[in-house]
file protein-v1.cif (mmCIF, C-alpha atoms and all ligand atoms)
data_target
#
loop_
_atom_site.label_atom_id
_atom_site.label_comp_id
_atom_site.auth_asym_id
_atom_site.auth_seq_id
_atom_site.Cartn_x
_atom_site.Cartn_y
_atom_site.Cartn_z
CA MET A 2 15.22 -2.72 4.69
CA ASN A 3 16.32 -2.99 1.10
CA THR A 4 14.73 0.06 -0.51
CA SER A 5 15.43 1.05 -4.08
CA ARG A 6 12.64 3.59 -4.33
CA PRO A 7 12.74 7.27 -3.51
CA THR A 8 11.06 8.26 -0.27
CA SER A 9 7.86 10.25 -0.22
CA THR A 10 9.63 13.46 0.62
CA SER A 11 10.87 13.51 -2.98
CA LEU A 12 7.48 12.60 -4.48
CA PRO A 13 4.88 15.14 -5.49
CA ALA A 14 1.70 15.13 -3.40
CA PRO A 15 -1.30 13.73 -5.30
CA ALA A 16 -3.93 16.27 -6.28
CA GLY A 17 -6.41 17.08 -3.57
CA THR A 18 -4.34 15.90 -0.66
CA THR A 19 -1.70 17.34 1.53
CA ARG A 20 1.34 15.48 2.67
CA PRO A 21 3.14 16.26 5.87
CA THR A 22 6.78 17.18 5.67
CA THR A 23 7.59 14.84 8.53
CA ALA A 24 5.95 11.72 9.93
CA SER A 25 5.22 13.39 13.24
CA GLY A 26 4.65 17.04 12.38
CA ALA A 27 1.41 16.74 10.41
CA THR A 28 -1.68 18.71 11.21
CA ASP A 29 -3.73 18.88 7.97
CA PRO A 30 -6.65 16.46 8.08
CA MET A 31 -6.40 13.50 5.73
CA TYR A 32 -9.80 12.21 6.88
CA THR A 33 -12.73 14.04 8.43
CA LEU A 34 -15.69 11.88 9.40
CA THR A 35 -18.79 13.56 10.78
CA ALA A 36 -21.76 11.73 12.34
CA VAL A 37 -21.11 8.64 10.22
CA THR A 38 -23.59 5.79 10.50
CA LYS A 39 -23.73 2.55 8.57
CA THR A 40 -26.69 0.25 8.86
CA TYR A 41 -27.03 -3.10 7.17
CA GLN A 42 -30.46 -4.53 6.46
CA GLN A 43 -30.44 -8.29 6.94
CA LYS A 44 -33.86 -9.71 6.21
CA LYS A 45 -35.99 -7.98 8.88
CA ARG A 46 -33.09 -7.17 11.16
CA THR A 47 -31.22 -3.87 11.05
CA VAL A 48 -27.57 -3.95 12.13
CA LYS A 49 -26.00 -0.64 13.07
CA ALA A 50 -22.35 -1.28 12.24
CA LEU A 51 -21.33 2.39 12.73
CA ASP A 52 -23.26 4.61 15.10
CA GLY A 53 -22.43 8.32 14.92
CA VAL A 54 -18.69 8.20 14.31
CA ASP A 55 -16.83 11.53 14.44
CA LEU A 56 -13.15 11.27 13.59
CA VAL A 57 -10.36 13.48 12.27
CA ILE A 58 -7.13 11.79 11.16
CA PRO A 59 -4.33 14.25 10.41
CA ALA A 60 -2.21 13.54 7.34
CA GLY A 61 0.80 11.48 8.27
CA GLN A 62 -0.62 10.01 11.47
CA MET A 63 -0.23 6.33 12.41
CA VAL A 64 -3.48 5.11 13.96
CA ALA A 65 -4.47 1.74 15.41
CA ILE A 66 -8.11 0.67 15.66
CA GLN A 67 -8.96 -2.03 18.17
CA GLY A 68 -12.25 -3.48 19.39
CA PRO A 69 -14.27 -6.66 19.78
CA THR A 70 -15.31 -8.84 16.88
CA GLY A 71 -18.37 -7.40 15.16
CA GLY A 72 -17.60 -3.98 16.67
CA GLY A 73 -17.38 -2.18 13.33
CA LYS A 74 -13.63 -2.13 12.62
CA SER A 75 -13.77 -3.46 9.07
CA THR A 76 -16.84 -1.37 8.30
CA LEU A 77 -14.96 1.76 9.39
CA LEU A 78 -11.91 0.76 7.35
CA GLN A 79 -14.14 0.29 4.30
CA MET A 80 -15.40 3.86 4.71
CA LEU A 81 -11.81 5.13 4.91
CA GLY A 82 -10.88 2.98 1.92
CA ALA A 83 -13.66 4.38 -0.32
CA LEU A 84 -14.94 0.82 -0.64
CA ASP A 85 -18.37 1.78 0.65
CA ARG A 86 -20.45 4.86 1.52
CA PRO A 87 -22.07 5.64 4.87
CA THR A 88 -25.83 5.41 5.39
CA SER A 89 -25.68 8.95 6.81
CA GLY A 90 -23.00 11.44 7.75
CA THR A 91 -19.99 12.57 5.75
CA VAL A 92 -16.56 11.14 4.98
CA ARG A 93 -13.97 13.52 3.55
CA LEU A 94 -10.60 12.44 2.18
CA GLY A 95 -8.47 15.54 1.75
CA ASP A 96 -10.69 17.89 -0.23
CA SER A 97 -13.04 15.25 -1.64
CA GLU A 98 -16.27 14.17 -0.03
CA LEU A 99 -16.35 10.40 -0.48
CA SER A 100 -19.83 10.07 1.00
CA ALA A 101 -21.26 12.14 -1.89
CA ALA A 102 -19.14 10.56 -4.62
CA GLY A 103 -20.42 8.27 -7.35
CA ASP A 104 -18.93 4.85 -8.05
CA HIS A 105 -16.44 6.20 -10.60
CA ALA A 106 -15.25 8.95 -8.28
CA LEU A 107 -14.85 6.44 -5.44
CA ALA A 108 -12.84 4.12 -7.69
CA ALA A 109 -10.69 7.06 -8.78
CA ALA A 110 -10.05 8.07 -5.16
CA ARG A 111 -9.04 4.50 -4.36
CA ALA A 112 -6.72 4.29 -7.33
CA ARG A 113 -5.11 7.66 -6.64
CA GLU A 114 -4.83 7.83 -2.88
CA ILE A 115 -5.38 4.52 -1.12
CA GLY A 116 -3.44 1.31 -0.59
CA PHE A 117 -5.37 -1.49 1.14
CA VAL A 118 -3.84 -4.53 2.82
CA PHE A 119 -6.61 -7.08 3.22
CA GLN A 120 -6.83 -9.62 6.00
CA GLY A 121 -5.27 -12.96 5.03
CA PHE A 122 -3.03 -11.57 2.26
CA ASN A 123 -5.65 -12.05 -0.49
CA LEU A 124 -3.05 -12.98 -3.13
CA ILE A 125 -4.04 -14.74 -6.35
CA PRO A 126 -2.53 -18.24 -6.01
CA THR A 127 -1.81 -18.76 -9.72
CA LEU A 128 0.10 -15.49 -10.14
CA THR A 129 3.72 -14.87 -9.17
CA ALA A 130 4.63 -12.28 -6.54
CA ALA A 131 5.41 -9.72 -9.27
CA GLU A 132 2.19 -10.46 -11.13
CA ASN A 133 0.20 -10.12 -7.91
CA VAL A 134 1.73 -6.69 -7.33
CA GLU A 135 0.93 -5.74 -10.94
CA THR A 136 -2.77 -6.42 -10.36
CA ALA A 137 -2.85 -3.01 -8.64
CA PHE A 138 -2.70 -1.57 -12.17
CA ALA A 139 -5.79 -3.46 -13.29
CA ASP A 140 -7.38 -0.32 -14.75
CA GLY A 141 -5.00 -0.63 -17.73
CA SER A 142 -3.74 2.94 -17.46
CA THR A 143 -0.09 1.92 -17.15
CA HIS A 144 2.06 0.31 -19.83
CA ARG A 145 3.20 -3.25 -19.32
CA ALA A 146 6.92 -2.49 -19.04
CA GLU A 147 6.28 0.28 -16.55
CA ARG A 148 3.97 -1.97 -14.53
CA ARG A 149 6.66 -4.63 -14.39
CA ASP A 150 9.38 -2.18 -13.37
CA LYS A 151 7.22 -0.65 -10.65
CA ALA A 152 6.20 -4.08 -9.33
CA LYS A 153 9.85 -5.12 -9.13
CA ALA A 154 10.79 -1.90 -7.35
CA ALA A 155 7.90 -2.33 -4.90
CA LEU A 156 8.98 -5.90 -4.15
CA ALA A 157 12.56 -4.72 -3.64
CA SER A 158 11.30 -2.04 -1.24
CA VAL A 159 9.78 -4.74 0.98
CA GLY A 160 12.93 -6.88 0.78
CA LEU A 161 11.62 -9.41 -1.75
CA ALA A 162 13.67 -8.61 -4.87
CA GLU A 163 14.78 -12.25 -5.04
CA ARG A 164 11.27 -13.67 -4.82
CA ALA A 165 9.52 -11.86 -7.70
CA ASP A 166 8.94 -15.09 -9.66
CA HIS A 167 7.65 -17.16 -6.73
CA LEU A 168 4.04 -18.21 -6.45
CA PRO A 169 2.32 -17.42 -3.11
CA SER A 170 2.53 -21.14 -2.20
CA GLU A 171 6.31 -20.86 -2.55
CA LEU A 172 6.50 -18.04 0.00
CA SER A 173 6.29 -17.97 3.80
CA GLY A 174 3.35 -16.24 5.50
CA GLY A 175 5.48 -13.20 6.30
CA GLN A 176 6.71 -13.03 2.69
CA GLN A 177 3.15 -13.28 1.38
CA GLN A 178 2.20 -10.37 3.59
CA ARG A 179 5.16 -8.42 2.19
CA VAL A 180 3.82 -9.06 -1.33
CA ALA A 181 0.40 -7.80 -0.22
CA ILE A 182 2.07 -4.67 1.21
CA ALA A 183 4.05 -4.17 -2.03
CA ARG A 184 0.79 -4.42 -3.96
CA ALA A 185 -0.78 -1.78 -1.69
CA LEU A 186 2.23 0.55 -2.10
CA VAL A 187 3.07 0.16 -5.79
CA LYS A 188 0.92 3.11 -6.86
CA GLU A 189 2.44 5.34 -4.16
CA PRO A 190 -0.76 6.03 -2.21
CA SER A 191 -1.01 8.77 0.40
CA VAL A 192 -2.98 6.48 2.71
CA LEU A 193 -2.24 2.88 3.69
CA LEU A 194 -5.05 0.92 5.36
CA ALA A 195 -4.39 -2.52 6.81
CA ASP A 196 -7.01 -4.90 8.22
CA GLU A 197 -5.34 -7.25 10.72
CA PRO A 198 -2.03 -7.28 8.83
CA THR A 199 -0.37 -9.50 11.42
CA GLY A 200 -3.38 -11.62 12.42
CA SER A 201 -2.08 -14.91 11.03
CA LEU A 202 1.63 -14.47 11.76
CA ASP A 203 3.82 -15.68 14.61
CA GLU A 204 5.28 -13.07 16.97
CA ALA A 205 8.68 -12.75 15.29
CA THR A 206 7.12 -12.34 11.84
CA ARG A 207 4.53 -9.97 13.26
CA ASP A 208 7.33 -7.75 14.55
CA GLU A 209 9.11 -7.88 11.16
CA ILE A 210 5.95 -6.85 9.34
CA MET A 211 5.33 -4.06 11.85
CA ASP A 212 8.93 -2.86 11.38
CA LEU A 213 8.29 -2.79 7.64
CA LEU A 214 4.97 -0.92 7.94
CA GLU A 215 6.43 1.55 10.40
CA GLY A 216 9.46 2.12 8.15
CA VAL A 217 7.26 2.71 5.13
CA TRP A 218 5.05 5.09 7.13
CA ARG A 219 8.05 7.05 8.35
CA ASP A 220 9.93 7.14 5.03
CA ARG A 221 7.01 8.00 2.80
CA GLY A 222 5.01 10.27 5.08
CA LEU A 223 1.94 8.07 4.67
CA THR A 224 -1.19 8.15 6.75
CA LEU A 225 -1.33 4.62 8.18
CA VAL A 226 -4.42 3.04 9.75
CA ILE A 227 -4.12 -0.48 11.16
CA VAL A 228 -6.99 -2.59 12.47
CA THR A 229 -5.68 -5.06 15.00
CA HIS A 230 -6.68 -7.36 17.83
CA ASP A 231 -3.10 -7.33 19.07
CA SER A 232 -2.21 -4.76 21.76
CA ALA A 233 1.49 -5.18 20.97
CA VAL A 234 0.75 -3.94 17.44
CA ALA A 235 -1.55 -1.14 18.61
CA ARG A 236 1.06 0.14 21.06
CA ARG A 237 3.34 1.00 18.14
CA ALA A 238 0.84 3.54 16.75
CA GLN A 239 0.81 7.25 17.58
CA ARG A 240 -2.87 7.06 18.42
CA ARG A 241 -5.18 4.25 19.51
CA LEU A 242 -8.91 4.09 18.88
CA ARG A 243 -11.44 1.51 19.99
CA ILE A 244 -14.71 0.75 18.27
CA ALA A 245 -17.41 -1.36 19.90
CA GLY A 246 -21.09 -1.52 19.01
CA GLY A 247 -20.35 0.92 16.19
CA GLU A 248 -19.25 3.64 18.64
CA LEU A 249 -15.75 5.01 18.43
CA ALA A 250 -13.69 6.03 21.45
CA GLU A 251 -10.24 7.51 21.82
CA LEU A 252 -7.83 5.35 23.82
CA GLY A 253 -5.20 8.04 23.80
CA PRO A 254 -1.63 7.90 22.57
CA ALA A 255 0.20 4.62 22.76
CA ALA A 256 1.65 3.94 26.19
N1 LIG A 301 -22.55 -6.87 4.53
C1 LIG A 301 -23.11 -6.95 5.75
N2 LIG A 301 -24.42 -7.25 5.89
C2 LIG A 301 -24.99 -7.31 7.10
N3 LIG A 301 -24.33 -7.10 8.25
C3 LIG A 301 -23.01 -6.80 8.18
C4 LIG A 301 -22.33 -6.72 6.93
N4 LIG A 301 -21.03 -6.40 7.16
C5 LIG A 301 -20.92 -6.30 8.49
N5 LIG A 301 -22.09 -6.53 9.11
C6 LIG A 301 -22.36 -6.48 10.57
O1 LIG A 301 -21.88 -5.24 11.04
C7 LIG A 301 -21.24 -5.38 12.30
C8 LIG A 301 -19.81 -4.85 12.21
O2 LIG A 301 -19.07 -5.72 11.33
P1 LIG A 301 -17.51 -5.53 11.04
O3 LIG A 301 -17.16 -6.48 9.97
O4 LIG A 301 -17.25 -4.09 10.80
O5 LIG A 301 -16.88 -5.97 12.43
P2 LIG A 301 -15.34 -6.11 12.86
O6 LIG A 301 -15.14 -5.21 14.04
O7 LIG A 301 -14.48 -5.91 11.69
O8 LIG A 301 -15.26 -7.61 13.38
P3 LIG A 301 -14.07 -8.72 13.25
O9 LIG A 301 -13.10 -8.38 14.33
O10 LIG A 301 -14.76 -10.01 13.54
O11 LIG A 301 -13.50 -8.64 11.87
C9 LIG A 301 -21.35 -6.86 12.65
O12 LIG A 301 -22.45 -7.03 13.52
C10 LIG A 301 -21.58 -7.53 11.33
O13 LIG A 301 -22.34 -8.71 11.50
MG MG A 302 -13.22 -7.21 10.56
#
call {"tool": "encode", "arguments": {"input": "protein-v1.cif", "output": "structure tokens", "more": "lines below"}}
Ligand SMILES: Nc1ncnc2c1ncn2[C@@H]1O[C@H](COP(=O)(O)OP(=O)(O)OP(=O)(O)O)[C@@H](O)[C@H]1O
Ligand SMILES: [Mg+2]
result
Amino acid sequence: MNTSRPTSTSLPAPAGTTRPTTASGATDPMYTLTAVTKTYQQKKRTVKALDGVDLVIPAGQMVAIQGPTGGGKSTLLQMLGALDRPTSGTVRLGDSELSAAGDHALAAARAREIGFVFQGFNLIPTLTAAENVETAFADGSTHRAERRDKAKAALASVGLAERADHLPSELSGGQQQRVAIARALVKEPSVLLADEPTGSLDEATRDEIMDLLEGVWRDRGLTLVIVTHDSAVARRAQRRLRIAGGELAELGPAA
């Protein structure tokens, strides 16, 4: 991998979180979920998307979440990503309780701690690769030149230094996913969450993207949570979880 950025071991830990010193030696919780439920009201029907989820994810762990469609995977990832709050129960990220946070505090937690790779890349088609990465700085807190430099460095770190000026339509599927990963990493989050990051890729590209994610996880000491339907992807994680009917179960370490 062509990486021009320092690794996480040389970066300061963001306030309120703890970083492991090694990818495998972490024990401090990054996430603590207690009795988390999420119900959606759809007309007269109530859907229980999460049903009493208890989960501790140590900082620096690589976790895969599998399960049937409609099982609650994306809902759980949204809780971890501070994109939504539970109906009941608590979600803690480091020292902050996300479930009790207001919208501003949730947005701040997202900006400070969390990189999110959405299913299907989610790139803006009229923006170049570099401009797409720069959208991570949409809050306007970073100067233009710095945004551009960081976007370029993030693209270089995913092996796309030569493609910064390409539009998404001028990139392969695997390259588009690399741009989406660069966008998730450009603010140096302590957590990377990915919803089906390899879902639309062929096997060879899937393995390349997994090599990239695993390398980033290892080098930067990130906590990495991947939702996947693909057992070959899940087997690469340190820990496998399954969620079905909103109930979470431990599948044990990867075989
Ligand atoms: N905004 C919503 N309003 C109502 N119901 C919802 C909403 N979001 C999710 N659900 C329901 O909650 C349940 C869990 O959905 P979720 O998206 O978490 O599933 P998933 O495991 O990610 O499925 P898939 O593999 O198909 O992406 C489903 O029954 C879904 O229909
Ligand atoms: Mg989903």
call {"tool": "residues_near_ligand", "arguments": {"input": "protein-v1.cif", "ligand": "ligand LIG 301 (chain A)", "cutoff": "9 Å", "atoms": "only C-alpha atoms and all ligand atoms", "output": "number ranges by chain"}}
result
A: 39-43, 47-51, 67-79, 120, 196-197, 228-230, 244-247
call {"tool": "write_last_selection", "arguments": {"input": "protein-v1.cif", "atoms": "C-alpha atoms", "output": "CSV table (one decimal), keeping the file's coordinate frame"}}
result
chain,number,residue,atom,x,y,z
A,39,LYS,CA,-23.7,2.6,8.6
A,40,THR,CA,-26.7,0.2,8.9
A,41,TYR,CA,-27.0,-3.1,7.2
A,42,GLN,CA,-30.5,-4.5,6.5
A,43,GLN,CA,-30.4,-8.3,6.9
A,47,THR,CA,-31.2,-3.9,11.0
A,48,VAL,CA,-27.6,-4.0,12.1
A,49,LYS,CA,-26.0,-0.6,13.1
A,50,ALA,CA,-22.4,-1.3,12.2
A,51,LEU,CA,-21.3,2.4,12.7
A,67,GLN,CA,-9.0,-2.0,18.2
A,68,GLY,CA,-12.2,-3.5,19.4
A,69,PRO,CA,-14.3,-6.7,19.8
A,70,THR,CA,-15.3,-8.8,16.9
A,71,GLY,CA,-18.4,-7.4,15.2
A,72,GLY,CA,-17.6,-4.0,16.7
A,73,GLY,CA,-17.4,-2.2,13.3
A,74,LYS,CA,-13.6,-2.1,12.6
A,75,SER,CA,-13.8,-3.5,9.1
A,76,THR,CA,-16.8,-1.4,8.3
A,77,LEU,CA,-15.0,1.8,9.4
A,78,LEU,CA,-11.9,0.8,7.4
A,79,GLN,CA,-14.1,0.3,4.3
A,120,GLN,CA,-6.8,-9.6,6.0
A,196,ASP,CA,-7.0,-4.9,8.2
A,197,GLU,CA,-5.3,-7.2,10.7
A,228,VAL,CA,-7.0,-2.6,12.5
A,229,THR,CA,-5.7,-5.1,15.0
A,230,HIS,CA,-6.7,-7.4,17.8
A,244,ILE,CA,-14.7,0.8,18.3
A,245,ALA,CA,-17.4,-1.4,19.9
A,246,GLY,CA,-21.1,-1.5,19.0
A,247,GLY,CA,-20.4,0.9,16.2
call {"tool": "closest_atom_pairs", "arguments": {"input": "protein-v1.cif", "of": "region 74-110 of chain A", "to": "region 181-190 of chain A", "cutoff": "12 Å", "atoms": "all atoms listed in the file", "output": "tab-separated table"}}
result
residue	atom	partner	partner_atom	distance
A:Gly82	CA	A:Pro190	CA	11.3
A:Ala109	CA	A:Pro190	CA	12.0
A:Ala110	CA	A:Pro190	CA	10.0
call {"tool": "closest_residue", "arguments": {"input": "protein-v1.cif", "among": "A:Pro198, A:Gly61, A:Gly53, A:Gly174", "to": "ligand MG 302 (chain A)", "atoms": "all atoms listed in the file"}}
result
A:Pro198
call {"tool": "residues_around", "arguments": {"input": "protein-v1.cif", "residues": "Ser100 (chain A)", "least_positions_apart": "2", "cutoff": "6 Å", "atoms": "all atoms listed in the file", "output": "list in words"}}
result
Arg86, Thr91, Val92, Glu98 and Ala102 of chain A
call {"tool": "write_last_selection", "arguments": {"input": "protein-v1.cif", "atoms": "C-alpha atoms", "output": "PDB file, in the coordinates of the input"}}
result
ATOM      1  CA  ARG A  86     -20.450   4.860   1.520  1.00  0.00           C
ATOM      2  CA  THR A  91     -19.990  12.570   5.750  1.00  0.00           C
ATOM      3  CA  VAL A  92     -16.560  11.140   4.980  1.00  0.00           C
ATOM      4  CA  GLU A  98     -16.270  14.170  -0.030  1.00  0.00           C
ATOM      5  CA  ALA A 102     -19.140  10.560  -4.620  1.00  0.00           C
TER       6      ALA A 102
END
call {"tool": "atom_distance", "arguments": {"input": "protein-v1.cif", "atom1": "CA of Glu248 (chain A)", "atom2": "CA of Ser89 (chain A)"}}
result
14.5 Å
call {"tool": "closest_residue", "arguments": {"input": "protein-v1.cif", "among": "A:Ile66, A:Ala146, A:Ala165, A:Leu249", "to": "ligand MG 302 (chain A)", "atoms": "only C-alpha atoms and all ligand atoms"}}
result
A:Ile66
call {"tool": "closest_residue", "arguments": {"input": "protein-v1.cif", "among": "A:Ile58, A:Leu84, A:Leu161, A:Ala233", "to": "Ala108 (chain A)", "atoms": "all atoms listed in the file"}}
result
A:Leu84
call {"tool": "residues_around", "arguments": {"input": "protein-v1.cif", "residues": "Glu251 (chain A)", "least_positions_apart": "2", "cutoff": "8 Å", "atoms": "only C-alpha atoms", "output": "PyMOL selection string"}}
result
chain A and resi 241-243+249+253
call {"tool": "closest_residue", "arguments": {"input": "protein-v1.cif", "among": "A:Ala131, A:Arg240, A:Gly141, A:Val118", "to": "Ile210 (chain A)", "atoms": "all atoms listed in the file"}}
result
A:Val118
call {"tool": "residues_around", "arguments": {"input": "protein-v1.cif", "residues": "Thr33 (chain A)", "least_positions_apart": "6", "cutoff": "6 Å", "atoms": "all atoms listed in the file", "output": "list in words"}}
result
Leu56, Val57, Val92 and Arg93 of chain A
call {"tool": "atom_distance", "arguments": {"input": "protein-v1.cif", "atom1": "CA of Asp203 (chain A)", "atom2": "CA of Gly121 (chain A)"}}
result
13.5 Å
call {"tool": "closest_residue", "arguments": {"input": "protein-v1.cif", "among": "A:Arg113, A:His167, A:Arg46, A:Arg148", "to": "Ala130 (chain A)", "atoms": "all atoms listed in the file"}}
result
A:His167
call {"tool": "closest_residue", "arguments": {"input": "protein-v1.cif", "among": "A:Ala112, A:Leu194, A:Pro59, A:Glu204", "to": "Ser142 (chain A)", "atoms": "only C-alpha atoms"}}
result
A:Ala112
call {"tool": "residues_around", "arguments": {"input": "protein-v1.cif", "residues": "Glu171 (chain A)", "least_positions_apart": "3", "cutoff": "12 Å", "atoms": "all atoms listed in the file", "output": "list in words"}}
result
Pro126, Thr127, Leu128, Thr129, Ala130, Arg164, Ala165, Asp166, His167, Leu168, Gly174, Gly175, Gln176 and Gln177 of chain A
call {"tool": "atom_distance", "arguments": {"input": "protein-v1.cif", "atom1": "CA of Thr199 (chain A)", "atom2": "CA of Asp212 (chain A)"}}
result
11.4 Å
